[in-house]
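Here is coords-v9.txt, consisting of compact mmCIF, C-alpha atoms and all ligand atoms:
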```txt
# COMPACT_ATOMS: atom_id res chain seq x y z
CA MET A 3 8.03 49.37 -9.42
CA ALA A 4 6.40 52.65 -8.42
CA LEU A 5 8.14 52.52 -5.07
CA LEU A 6 11.47 51.90 -6.77
CA GLN A 7 10.91 54.85 -9.07
CA TRP A 8 9.99 57.06 -6.15
CA LEU A 9 13.10 56.00 -4.25
CA GLY A 10 15.22 56.51 -7.33
CA LEU A 11 13.90 59.98 -7.99
CA SER A 12 14.14 61.24 -4.46
CA PHE A 13 17.62 59.88 -3.79
CA LEU A 14 19.39 60.17 -7.09
CA VAL A 15 18.58 63.59 -8.44
CA ALA A 16 18.01 66.67 -6.39
CA VAL A 17 18.58 69.84 -8.37
CA GLN A 18 19.31 72.87 -6.26
CA SER A 19 19.41 75.66 -8.77
CA SER A 20 19.26 78.37 -6.14
CA ALA A 21 21.93 79.39 -3.67
CA VAL A 22 24.96 78.86 -5.86
CA LYS A 23 27.72 81.03 -4.46
CA ASN A 24 29.76 83.27 -6.71
CA CYS A 25 27.49 83.04 -9.77
CA HIS A 26 28.36 85.86 -12.19
CA PRO A 27 25.32 88.09 -12.89
CA GLY A 28 25.27 87.24 -16.62
CA CYS A 29 25.41 83.49 -16.00
CA HIS A 30 23.05 80.81 -14.80
CA CYS A 31 24.50 78.36 -12.28
CA GLU A 32 23.05 75.04 -11.27
CA VAL A 33 24.20 72.32 -8.90
CA GLU A 34 23.00 68.80 -9.53
CA SER A 35 23.49 66.44 -6.63
CA PHE A 36 23.53 62.69 -6.97
CA GLY A 37 23.87 59.72 -4.71
CA LEU A 38 22.24 58.63 -1.50
CA PHE A 39 23.51 61.52 0.59
CA ASP A 40 24.12 63.98 -2.25
CA SER A 41 27.66 62.75 -2.07
CA PHE A 42 28.37 63.62 -5.69
CA SER A 43 27.54 66.85 -7.45
CA LEU A 44 27.98 68.63 -10.77
CA THR A 45 28.04 72.39 -11.08
CA ARG A 46 26.90 73.65 -14.47
CA VAL A 47 27.52 77.27 -15.35
CA ASP A 48 25.82 78.68 -18.42
CA CYS A 49 27.24 82.06 -19.52
CA ARG A 50 26.09 81.82 -23.16
CA GLY A 51 26.03 85.22 -24.86
CA LEU A 52 27.78 86.94 -21.98
CA GLY A 53 29.50 89.56 -24.14
CA PRO A 54 32.98 91.05 -23.66
CA SER A 55 33.99 90.88 -20.02
CA LEU A 56 36.10 93.43 -18.19
CA SER A 57 37.39 91.02 -15.60
CA VAL A 58 39.38 87.99 -16.66
CA PRO A 59 38.94 85.25 -15.60
CA ILE A 60 35.17 85.50 -15.41
CA PRO A 61 34.32 84.48 -11.83
CA ILE A 62 32.65 81.08 -11.61
CA PRO A 63 31.71 78.96 -8.59
CA LEU A 64 34.34 76.75 -7.03
CA ASP A 65 34.10 73.15 -8.25
CA THR A 66 32.45 74.10 -11.56
CA THR A 67 32.42 71.02 -13.78
CA HIS A 68 30.62 72.28 -16.92
CA LEU A 69 31.10 75.76 -18.33
CA ASP A 70 29.36 77.18 -21.39
CA LEU A 71 30.98 80.38 -22.65
CA SER A 72 29.68 80.11 -26.21
CA SER A 73 28.76 83.22 -28.21
CA SER A 74 30.47 85.48 -25.67
CA SER A 75 32.74 87.55 -27.98
CA LEU A 76 35.84 86.22 -26.23
CA GLY A 77 38.28 86.82 -29.11
CA PRO A 78 41.89 85.57 -28.69
CA ILE A 79 42.28 83.35 -25.60
CA SER A 80 45.02 84.46 -23.21
CA ASP A 81 46.80 82.44 -20.52
CA ALA A 82 44.93 84.35 -17.81
CA MET A 83 41.45 83.56 -19.10
CA PHE A 84 41.00 80.16 -17.46
CA ALA A 85 43.45 80.51 -14.60
CA GLY A 86 40.99 81.42 -11.84
CA PRO A 87 39.37 79.49 -8.99
CA GLY A 88 36.65 77.17 -10.21
CA TYR A 89 38.37 76.48 -13.53
CA THR A 90 40.69 73.70 -12.41
CA THR A 91 37.75 71.31 -11.89
CA LEU A 92 36.22 71.80 -15.36
CA VAL A 93 35.30 68.59 -17.15
CA SER A 94 33.68 70.29 -20.13
CA LEU A 95 34.19 73.71 -21.68
CA ASP A 96 32.18 75.20 -24.54
CA LEU A 97 33.98 78.04 -26.32
CA SER A 98 32.05 77.83 -29.59
CA SER A 99 31.14 80.91 -31.67
CA ASN A 100 33.60 83.34 -30.09
CA SER A 101 35.67 84.64 -33.05
CA ILE A 102 38.71 82.97 -31.48
CA THR A 103 41.74 83.50 -33.72
CA LYS A 104 44.36 82.31 -31.29
CA LEU A 105 44.62 80.03 -28.31
CA SER A 106 47.63 80.91 -26.19
CA PRO A 107 49.87 77.81 -25.68
CA ASN A 108 49.24 77.59 -21.92
CA ALA A 109 45.64 78.84 -21.88
CA LEU A 110 44.27 75.39 -21.00
CA SER A 111 47.18 74.10 -18.96
CA LYS A 112 45.41 74.44 -15.60
CA LEU A 113 42.36 72.43 -16.73
CA ARG A 114 43.72 69.10 -15.59
CA TYR A 115 40.34 67.33 -15.68
CA LEU A 116 39.10 68.66 -19.00
CA GLU A 117 37.54 65.89 -21.09
CA SER A 118 35.35 67.76 -23.54
CA LEU A 119 36.28 70.93 -25.42
CA ASP A 120 34.10 72.70 -27.98
CA LEU A 121 36.01 75.22 -30.08
CA SER A 122 33.64 75.03 -33.06
CA HIS A 123 32.58 78.09 -35.07
CA ASN A 124 35.73 80.12 -34.46
CA SER A 125 38.58 81.37 -36.68
CA LEU A 126 41.45 79.14 -35.59
CA GLU A 127 44.08 78.37 -38.24
CA SER A 128 46.45 76.47 -36.02
CA LEU A 129 47.05 75.32 -32.48
CA SER A 130 50.30 75.39 -30.62
CA PRO A 131 51.72 71.86 -30.36
CA SER A 132 51.60 71.88 -26.57
CA CYS A 133 48.18 73.41 -26.02
CA PHE A 134 46.41 70.16 -25.02
CA TYR A 135 49.46 68.79 -23.26
CA GLY A 136 48.64 66.53 -20.31
CA LEU A 137 44.87 67.13 -20.47
CA PRO A 138 42.61 64.06 -20.35
CA LEU A 139 40.68 65.30 -23.41
CA SER A 140 38.45 62.72 -25.00
CA GLU A 141 36.23 64.90 -27.19
CA VAL A 142 37.35 67.92 -29.22
CA ASP A 143 35.13 69.83 -31.63
CA LEU A 144 37.12 72.02 -34.03
CA SER A 145 34.45 72.17 -36.72
CA HIS A 146 33.84 75.44 -38.58
CA ASN A 147 37.34 76.85 -38.16
CA SER A 148 40.08 77.75 -40.66
CA PHE A 149 42.58 74.90 -40.36
CA HIS A 150 44.49 74.32 -43.61
CA LYS A 151 46.32 71.45 -41.99
CA PHE A 152 45.95 69.65 -38.72
CA ASP A 153 48.75 68.15 -36.73
CA MET A 154 47.86 65.38 -34.29
CA ASP A 155 50.91 66.31 -32.25
CA VAL A 156 48.60 68.67 -30.34
CA PHE A 157 47.32 65.58 -28.55
CA ALA A 158 50.73 64.16 -27.89
CA GLY A 159 52.71 67.21 -26.88
CA ARG A 160 55.25 66.63 -29.58
CA VAL A 161 56.83 68.85 -32.18
CA ASN A 162 58.07 66.98 -35.24
CA GLY A 163 57.99 63.77 -33.26
CA GLU A 164 60.10 65.14 -30.39
CA PRO A 165 58.50 65.61 -26.97
CA VAL A 166 57.90 69.24 -26.14
CA ASN A 167 59.93 70.66 -23.32
CA VAL A 168 57.38 71.73 -20.77
CA ASP A 169 58.25 73.52 -17.57
CA LEU A 170 56.78 71.51 -14.73
CA SER A 171 58.16 73.67 -11.92
CA HIS A 172 55.74 75.51 -9.61
CA ASN A 173 53.37 72.56 -9.75
CA LYS A 174 52.28 70.19 -7.05
CA LEU A 175 52.76 67.18 -9.25
CA VAL A 176 51.72 63.97 -7.58
CA SER A 177 52.12 61.78 -10.62
CA VAL A 178 52.81 62.34 -14.26
CA SER A 179 49.98 61.28 -16.54
CA PRO A 180 50.76 58.85 -19.37
CA SER A 181 50.31 61.55 -21.99
CA LEU A 182 53.23 63.43 -20.50
CA HIS A 183 55.41 60.51 -21.48
CA GLY A 184 54.67 61.27 -25.10
CA LYS A 185 51.80 58.84 -25.64
CA THR A 186 48.95 59.99 -27.78
CA GLY A 187 46.41 60.71 -25.07
CA HIS A 188 42.80 59.74 -24.63
CA ILE A 189 41.15 61.44 -27.58
CA ARG A 190 38.07 59.51 -28.76
CA SER A 191 36.12 62.01 -30.82
CA LEU A 192 37.55 64.61 -33.19
CA ASN A 193 35.42 66.91 -35.29
CA LEU A 194 37.26 68.72 -38.08
CA SER A 195 34.28 69.34 -40.31
CA ALA A 196 33.98 72.60 -42.28
CA ASN A 197 37.65 73.59 -42.25
CA HIS A 198 40.07 74.25 -45.13
CA LEU A 199 41.89 70.90 -45.10
CA ALA A 200 43.15 70.02 -48.58
CA SER A 201 44.06 66.49 -47.55
CA ALA A 202 43.03 64.10 -44.79
CA PRO A 203 45.24 64.66 -41.75
CA SER A 204 47.47 61.89 -40.51
CA LEU A 205 46.08 60.72 -37.17
CA ALA A 206 47.84 57.36 -36.97
CA GLY A 207 47.84 55.83 -33.53
CA LEU A 208 45.12 57.96 -31.93
CA GLN A 209 42.43 55.93 -30.19
CA LEU A 210 39.66 57.73 -32.06
CA ARG A 211 36.17 56.25 -32.24
CA TYR A 212 34.57 59.18 -34.11
CA LEU A 213 36.12 61.30 -36.86
CA ASN A 214 34.35 63.93 -38.93
CA LEU A 215 36.03 65.48 -41.99
CA ASP A 216 32.84 66.75 -43.68
CA GLY A 217 32.90 69.83 -45.88
CA ASN A 218 36.67 70.13 -46.35
CA PRO A 219 38.26 70.82 -49.78
CA ILE A 220 39.89 67.37 -49.90
CA THR A 221 40.32 66.22 -53.53
CA GLN A 222 41.65 62.71 -53.04
CA LEU A 223 41.95 60.02 -50.40
CA LYS A 224 45.16 58.06 -50.61
CA GLU A 225 46.02 54.47 -49.79
CA GLY A 226 46.62 54.05 -46.05
CA THR A 227 45.18 57.45 -45.08
CA PHE A 228 43.44 55.96 -42.06
CA ALA A 229 45.97 53.28 -41.21
CA GLN A 230 46.39 52.68 -37.49
CA LEU A 231 42.99 54.05 -36.51
CA LYS A 232 41.88 50.62 -35.46
CA ASP A 233 39.38 51.86 -32.85
CA LEU A 234 37.47 54.10 -35.24
CA ALA A 235 33.77 53.15 -35.35
CA TYR A 236 32.26 56.14 -37.18
CA LEU A 237 33.85 58.03 -40.07
CA SER A 238 32.12 60.87 -41.84
CA ILE A 239 33.54 62.22 -45.10
CA SER A 240 30.46 63.92 -46.48
CA GLY A 241 29.81 67.11 -48.43
CA LEU A 242 33.25 67.31 -50.03
CA GLY A 243 32.59 69.32 -53.17
CA GLU A 244 36.04 68.53 -54.62
CA LEU A 245 36.53 64.87 -53.75
CA GLN A 246 37.15 63.01 -57.02
CA GLU A 247 39.10 59.93 -56.15
CA ILE A 248 39.38 57.39 -53.38
CA GLU A 249 42.36 55.12 -53.92
CA PRO A 250 42.12 51.38 -53.27
CA LYS A 251 42.94 50.51 -49.64
CA SER A 252 42.29 54.06 -48.47
CA PHE A 253 40.35 52.63 -45.55
CA ALA A 254 42.70 49.73 -44.84
CA GLY A 255 43.33 49.42 -41.11
CA LEU A 256 39.85 50.52 -40.08
CA GLN A 257 39.02 47.06 -38.86
CA ASN A 258 36.38 48.24 -36.37
CA LEU A 259 34.64 50.84 -38.52
CA GLN A 260 30.87 50.38 -38.43
CA VAL A 261 29.52 53.43 -40.25
CA LEU A 262 31.10 55.14 -43.26
CA ASP A 263 29.33 58.24 -44.54
CA LEU A 264 30.52 59.24 -48.02
CA SER A 265 27.29 61.02 -48.94
CA ASN A 266 27.02 64.28 -50.89
CA ASN A 267 30.34 63.99 -52.69
CA PRO A 268 29.03 64.86 -56.17
CA LYS A 269 32.37 64.57 -58.02
CA LEU A 270 32.92 61.03 -56.80
CA LYS A 271 31.87 59.05 -59.89
CA SER A 272 33.14 55.54 -59.30
CA LEU A 273 34.53 53.31 -56.61
CA SER A 274 36.40 50.10 -57.21
CA PRO A 275 35.56 47.35 -54.70
CA ALA A 276 39.21 47.41 -53.57
CA VAL A 277 38.52 50.84 -52.05
CA PHE A 278 36.71 48.99 -49.28
CA THR A 279 39.48 46.50 -48.50
CA GLY A 280 39.92 46.02 -44.77
CA LEU A 281 36.50 47.28 -43.67
CA ASP A 282 35.71 43.99 -41.98
CA SER A 283 33.17 45.39 -39.49
CA LEU A 284 31.41 47.93 -41.71
CA GLN A 285 27.63 47.73 -41.31
CA GLU A 286 26.40 50.93 -42.97
CA LEU A 287 27.71 52.64 -46.08
CA ASN A 288 26.14 55.87 -47.28
CA LEU A 289 26.81 56.83 -50.92
CA SER A 290 23.72 58.98 -51.44
CA GLY A 291 24.31 62.23 -53.30
CA THR A 292 27.48 60.91 -54.98
CA GLY A 293 28.02 60.21 -58.68
CA VAL A 294 28.18 56.48 -57.91
CA ALA A 295 25.14 54.96 -59.62
CA SER A 296 25.78 51.23 -59.42
CA LEU A 297 27.57 48.68 -57.29
CA PRO A 298 29.63 45.72 -58.50
CA THR A 299 28.31 42.29 -57.53
CA THR A 300 31.64 41.55 -55.87
CA MET A 301 31.04 44.32 -53.35
CA LEU A 302 29.94 41.96 -50.59
CA ALA A 303 33.19 40.04 -50.72
CA HIS A 304 34.96 43.22 -49.62
CA LEU A 305 32.38 44.17 -47.01
CA PRO A 306 31.69 40.98 -45.05
CA SER A 307 29.56 42.67 -42.34
CA VAL A 308 27.64 45.24 -44.36
CA LYS A 309 23.90 45.39 -43.71
CA ILE A 310 22.76 48.42 -45.66
CA ILE A 311 24.13 50.56 -48.48
CA THR A 312 22.36 53.80 -49.39
CA LEU A 313 22.90 54.92 -52.96
CA GLY A 314 20.59 57.50 -54.47
CA ARG A 315 18.20 59.62 -52.51
CA SER A 316 15.85 56.69 -52.08
CA ILE A 317 17.88 53.71 -53.24
CA GLN A 318 18.78 51.28 -50.53
CA CYS A 319 20.43 47.91 -50.76
CA TRP A 320 20.42 45.18 -48.14
CA ARG A 321 22.36 42.02 -47.68
CA SER A 322 20.06 39.05 -48.07
CA GLN A 323 20.25 35.38 -48.77
CA LYS A 324 20.16 34.19 -52.36
CA GLN A 325 16.68 32.95 -53.22
CA GLY A 326 16.28 29.20 -53.49
CA GLN A 327 19.49 28.59 -51.62
CA PHE A 328 18.11 28.30 -48.14
CA HIS A 329 19.98 25.64 -46.28
CA ARG A 330 18.78 23.99 -43.17
CA GLN A 331 22.11 24.45 -41.42
CA ILE A 332 22.21 27.10 -38.77
CA GLY A 333 23.35 30.42 -40.16
CA PRO A 334 23.81 31.35 -43.79
CA THR A 335 27.15 30.82 -45.43
CA GLN A 336 28.61 33.98 -46.76
CA HIS A 337 28.80 33.28 -50.48
CA ASP A 338 25.05 32.67 -50.49
CA ASP A 339 24.49 36.34 -49.66
CA VAL A 340 23.50 38.87 -52.30
CA LEU A 341 22.76 42.56 -52.37
CA ASN A 342 19.09 43.31 -52.92
CA CYS A 343 18.03 46.85 -53.74
CA ASN A 344 14.65 48.54 -53.89
CA VAL A 345 15.49 49.62 -57.46
CA GLN A 346 16.40 47.21 -60.26
CA GLY A 347 19.69 47.35 -62.16
CA VAL A 348 21.79 48.88 -59.40
CA VAL A 349 23.96 45.84 -58.75
CA LEU A 350 25.96 45.05 -61.89
C1 LIG B 401 30.62 67.86 -35.91
O1 LIG B 401 30.43 69.16 -36.41
C2 LIG B 401 29.29 69.33 -37.25
C3 LIG B 401 29.31 70.77 -37.74
O2 LIG B 401 29.48 71.66 -36.68
C4 LIG B 401 28.03 68.98 -36.48
O3 LIG B 401 26.91 69.07 -37.32
C5 LIG B 401 28.15 67.57 -35.93
O4 LIG B 401 27.04 67.27 -35.14
C6 LIG B 401 29.42 67.44 -35.07
N1 LIG B 401 29.55 66.06 -34.59
C7 LIG B 401 29.52 65.76 -33.29
C8 LIG B 401 29.68 64.33 -32.93
O5 LIG B 401 29.38 66.59 -32.42
C1 LIG B 402 22.84 59.25 -46.01
O1 LIG B 402 23.25 60.61 -46.14
C2 LIG B 402 22.20 61.50 -46.43
C3 LIG B 402 22.84 62.85 -46.72
O2 LIG B 402 23.78 63.21 -45.76
C4 LIG B 402 21.22 61.52 -45.26
O3 LIG B 402 20.16 62.41 -45.52
C5 LIG B 402 20.69 60.10 -45.06
O4 LIG B 402 19.87 60.09 -43.91
C6 LIG B 402 21.81 59.11 -44.87
N1 LIG B 402 21.25 57.78 -44.88
C7 LIG B 402 21.50 56.87 -43.92
C8 LIG B 402 20.86 55.55 -44.07
O5 LIG B 402 22.23 57.12 -42.99
```
Exercise: express the given structure as structure tokens:
Amino acid sequence: MALLQWLGLSFLVAVQSSAVKNCHPGCHCEVESFGLFDSFSLTRVDCRGLGPSLSVPIPIPLDTTHLDLSSSSLGPISDAMFAGPGYTTLVSLDLSSNSITKLSPNALSKLRYLESLDLSHNSLESLSPSCFYGLPLSEVDLSHNSFHKFDMDVFAGRVNGEPVNVDLSHNKLVSVSPSLHGKTGHIRSLNLSANHLASAPSLAGLQLRYLNLDGNPITQLKEGTFAQLKDLAYLSISGLGELQEIEPKSFAGLQNLQVLDLSNNPKLKSLSPAVFTGLDSLQELNLSGTGVASLPTTMLAHLPSVKIITLGRSIQCWRSQKQGQFHRQIGPTQHDDVLNCNVQGVVL
């Protein structure tokens, strides 16, 4: 075991933080090498808090994979900003806390390997419909911005359902990625928390696994809002000061959702069981900090997989088998299950 660990450590990770060529004075650059003969490496460049730069693009080492430019007073992002050597290999880019008001439509177009983009804590109100066009983005954080509405076409390169006309000349195109054919891309995680969205955006057809809509001024969730988000596993709709109503079947179509966080929605006073129709995989439901004080006994029929429901600050309810109904067959049958809470009188 010890020998294996020693072998693992010496072969797999060798961090050479020195001798990184072309590291900008205000940044910290680090190369991590992996594999038996250091055959695979990641170059991380940390320029956090760099401050306004005279030269654009900021010089970074060739083959940089991770770049942190957060809190660097970047302001509006121009096409030239990420067009330098070293940028084309970026897999992740952190642009959070930069007072960004505008992202030029082609600013990211050279970042053909970009999977993770953090634009949180900026002042964006909109994005041009082609700005993520053709990028293999899987994770986008747009939390703490000023979006009043959000159009998923940014992931598809479409304007009003029509493919955007993009000039592909002057490119050494080897193949055209699927997203260029108008499919909806690879996006798995989208964070839209703390924006100005008055209604839940339509994201039908995206292959999202994580969606965060916390802290938006949404007043109502309508039937079918999340239809066609069948891959979604985690949905957070928490801290909505104005949310008063969730219509029945609002979550219909979320057949793989495992966690639903509806906590801290104080104006939400009641929920009919039909609200939860279609949540066949839901395991955890958080209703703490809402006006919902009790649960109907029929709740379990609508939530066949639920394990735990959190209600008040310290009220928790679990699925358990009805007492005195233990059968010797293997596995409980569903209608024998009841909700048991650590406080009496919650299940009515
Ligand atoms: C989404 O954004 C909020 C607010 O910035 C943050 O607390 C949360 O961790 C983010 N979620 C993910 C998955 O990064
Ligand atoms: C439910 O939400 C509250 C408030 O956001 C949080 O403090 C608590 O940890 C959550 N409970 C569970 C079981 O996730």
message: Let me see if you get this right: every residue at most 8 Å from ligand LIG 401 (chain B), counting all atoms listed in the file, written as a ChimeraX atom specification.
response: /A:122-123,143-146,191-196,212,214,216
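Summary of the local environment: counting all atoms listed in the file, residues at most 7 Å from Leu210 of chain A, other than itself and those fewer than 6 positions away along its chain, are Ile189, Arg190, Ser191, Leu231, Asp233 and Leu234 of chain A.
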message: Hey, which residues sit close to ligand LIG 402 (chain B)? Say within 10 Å, counting only C-alpha atoms and all ligand atoms, and write them as a PyMOL selection string.
response: chain A and resi 216+238-241+261-267+286-292+310-318
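Every protein or nucleic acid residue with an atom no more than 8 Å from segment 48-59 of chain A, counting all atoms listed in the file and leaving out same-chain residues fewer than 2 positions away, appears here: Gly28, Cys29, His30, Cys31, Arg46, Pro61, Leu69, Asp70, Leu71, Ser72, Ser73, Ser74, Ser75, Leu76, Ala82, Met83, Phe84, Ala85 and Gly86 of chain A.
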- prompt: Restricting the calculation to all atoms listed in the file, which member of A:Lys104, A:Lys232, A:Lys151, A:Arg114 is positioned closest to Ser130 of chain A?
  reply: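 Answer, going by the shortest atom-to-atom distance: A:Lys104.
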A:Asn24, A:Thr45, A:Ser140, A:Thr221 ranked by distance to Leu208 of chain A, top pick (using all atoms listed in the file): A:Ser140
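With only C-alpha atoms as the basis for measurement, A:Leu113 is the residue among A:Leu256, A:Cys25, A:Leu97, A:Leu113 that approaches Thr67 of chain A most closely.
Taking atom CA of Met301 of chain A as the reference point, atom CA of Gly255 of chain A is found at 18.1 Å.
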task: Would you mind reading off the distance between atom CA of Leu273 of chain A and atom CA of Met154 of chain A, one decimal, in Å?
output: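 We find that atom CA of Leu273 of chain A and atom CA of Met154 of chain A lie 28.7 Å from each other.
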message: From the options A:Gly217, A:Pro138, A:Pro306, A:Gly88, which residue's atoms come nearest to His188 of chain A, counting only C-alpha atoms?
response: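 Under the stated criterion, the closest residue is A:Pro138.
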statement: Separating atom CA of Phe134 of chain A from atom CA of Ile220 of chain A, to the nearest tenth of an Å, is a gap of 25.9 Å
query: Which residues come within 8 Å of Leu199 of chain A, counting only C-alpha atoms, excluding same-chain residues fewer than 6 positions away, as a ChimeraX atom specification?
result: /A:149-152,218-220
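Proximity of A:Asp120, A:Gln260, A:Phe157, A:Ser283 to Gly136 of chain A, computed with only C-alpha atoms, is greatest for A:Phe157.
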- prompt: Which of these, A:Ile248, A:Asp96, A:Ala235, A:Ala158, has the shortest distance to Ala202 of chain A once you count all atoms listed in the file?
  reply: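 Selected residue with least distance to Ala202 of chain A: A:Ile248.
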Once 3 Å is added on each side, what centre and edge lengths in Å to one decimal does the axis-aligned box around all listed atoms of segment 32-49 of chain A have, as lines of an AutoDock Vina configuration file?
```
center_x = 25.3
center_y = 70.3
center_z = -9.5
size_x = 12.1
size_y = 29.4
size_z = 26.1
```
field: Contacts of Tyr115 of chain A at 9 Å (only C-alpha atoms; same-chain gap of 3+ positions) as a VMD selection string
entry: chain A and resid 67 90 to 94 112 137 to 139
- prompt: If you count all atoms listed in the file, which residues fall within 12 Å of Thr279 of chain A, apart from same-chain ones fewer than 6 positions away, as a count of residues only?
  reply: 22
Using the block above, I'd like segment 260-267 of chain A written out, keeping all heavy atoms and formatting it as a PDB file, in the first residue's frame.
```pdb
ATOM      1  N   GLN A 260     -33.362  15.323  -8.390  1.00  0.00           N
ATOM      2  CA  GLN A 260     -33.144  14.670  -7.095  1.00  0.00           C
ATOM      3  C   GLN A 260     -33.277  15.622  -5.918  1.00  0.00           C
ATOM      4  O   GLN A 260     -33.711  15.233  -4.855  1.00  0.00           O
ATOM      5  CB  GLN A 260     -31.755  14.025  -7.076  1.00  0.00           C
ATOM      6  CG  GLN A 260     -31.685  12.904  -8.085  1.00  0.00           C
ATOM      7  CD  GLN A 260     -30.378  12.161  -8.042  1.00  0.00           C
ATOM      8  OE1 GLN A 260     -29.618  12.263  -7.096  1.00  0.00           O
ATOM      9  NE2 GLN A 260     -30.110  11.407  -9.081  1.00  0.00           N
ATOM     10  N   VAL A 261     -32.877  16.881  -6.120  1.00  0.00           N
ATOM     11  CA  VAL A 261     -32.943  17.854  -5.029  1.00  0.00           C
ATOM     12  C   VAL A 261     -33.695  19.096  -5.512  1.00  0.00           C
ATOM     13  O   VAL A 261     -33.377  19.648  -6.565  1.00  0.00           O
ATOM     14  CB  VAL A 261     -31.525  18.280  -4.569  1.00  0.00           C
ATOM     15  CG1 VAL A 261     -31.603  19.306  -3.448  1.00  0.00           C
ATOM     16  CG2 VAL A 261     -30.706  17.064  -4.136  1.00  0.00           C
ATOM     17  N   LEU A 262     -34.714  19.502  -4.739  1.00  0.00           N
ATOM     18  CA  LEU A 262     -35.442  20.727  -5.039  1.00  0.00           C
ATOM     19  C   LEU A 262     -35.392  21.619  -3.805  1.00  0.00           C
ATOM     20  O   LEU A 262     -35.896  21.265  -2.745  1.00  0.00           O
ATOM     21  CB  LEU A 262     -36.902  20.404  -5.402  1.00  0.00           C
ATOM     22  CG  LEU A 262     -37.833  21.588  -5.677  1.00  0.00           C
ATOM     23  CD1 LEU A 262     -37.303  22.481  -6.799  1.00  0.00           C
ATOM     24  CD2 LEU A 262     -39.239  21.098  -6.030  1.00  0.00           C
ATOM     25  N   ASP A 263     -34.734  22.764  -3.964  1.00  0.00           N
ATOM     26  CA  ASP A 263     -34.594  23.692  -2.844  1.00  0.00           C
ATOM     27  C   ASP A 263     -35.549  24.868  -3.048  1.00  0.00           C
ATOM     28  O   ASP A 263     -35.357  25.695  -3.928  1.00  0.00           O
ATOM     29  CB  ASP A 263     -33.142  24.189  -2.768  1.00  0.00           C
ATOM     30  CG  ASP A 263     -32.883  25.006  -1.501  1.00  0.00           C
ATOM     31  OD1 ASP A 263     -33.866  25.393  -0.822  1.00  0.00           O
ATOM     32  OD2 ASP A 263     -31.705  25.254  -1.189  1.00  0.00           O
ATOM     33  N   LEU A 264     -36.615  24.889  -2.238  1.00  0.00           N
ATOM     34  CA  LEU A 264     -37.589  25.987  -2.310  1.00  0.00           C
ATOM     35  C   LEU A 264     -37.537  26.799  -1.015  1.00  0.00           C
ATOM     36  O   LEU A 264     -38.490  27.491  -0.667  1.00  0.00           O
ATOM     37  CB  LEU A 264     -39.004  25.408  -2.495  1.00  0.00           C
ATOM     38  CG  LEU A 264     -39.355  24.846  -3.877  1.00  0.00           C
ATOM     39  CD1 LEU A 264     -40.696  24.128  -3.840  1.00  0.00           C
ATOM     40  CD2 LEU A 264     -39.395  25.960  -4.917  1.00  0.00           C
ATOM     41  N   SER A 265     -36.412  26.722  -0.311  1.00  0.00           N
ATOM     42  CA  SER A 265     -36.330  27.351   1.009  1.00  0.00           C
ATOM     43  C   SER A 265     -36.302  28.875   0.928  1.00  0.00           C
ATOM     44  O   SER A 265     -36.006  29.458  -0.117  1.00  0.00           O
ATOM     45  CB  SER A 265     -35.063  26.857   1.734  1.00  0.00           C
ATOM     46  OG  SER A 265     -33.904  27.277   1.052  1.00  0.00           O
ATOM     47  N   ASN A 266     -36.631  29.501   2.039  1.00  0.00           N
ATOM     48  CA  ASN A 266     -36.591  30.964   2.176  1.00  0.00           C
ATOM     49  C   ASN A 266     -37.413  31.706   1.129  1.00  0.00           C
ATOM     50  O   ASN A 266     -36.961  32.692   0.558  1.00  0.00           O
ATOM     51  CB  ASN A 266     -35.139  31.466   2.149  1.00  0.00           C
ATOM     52  CG  ASN A 266     -34.354  30.930   3.332  1.00  0.00           C
ATOM     53  OD1 ASN A 266     -34.926  30.711   4.402  1.00  0.00           O
ATOM     54  ND2 ASN A 266     -33.078  30.692   3.153  1.00  0.00           N
ATOM     55  N   ASN A 267     -38.614  31.195   0.880  1.00  0.00           N
ATOM     56  CA  ASN A 267     -39.577  31.899   0.036  1.00  0.00           C
ATOM     57  C   ASN A 267     -40.758  32.264   0.932  1.00  0.00           C
ATOM     58  O   ASN A 267     -41.788  31.593   0.948  1.00  0.00           O
ATOM     59  CB  ASN A 267     -40.021  31.013  -1.135  1.00  0.00           C
ATOM     60  CG  ASN A 267     -38.880  30.712  -2.099  1.00  0.00           C
ATOM     61  OD1 ASN A 267     -38.043  31.573  -2.371  1.00  0.00           O
ATOM     62  ND2 ASN A 267     -38.831  29.505  -2.613  1.00  0.00           N
TER      63      ASN A 267
END
```
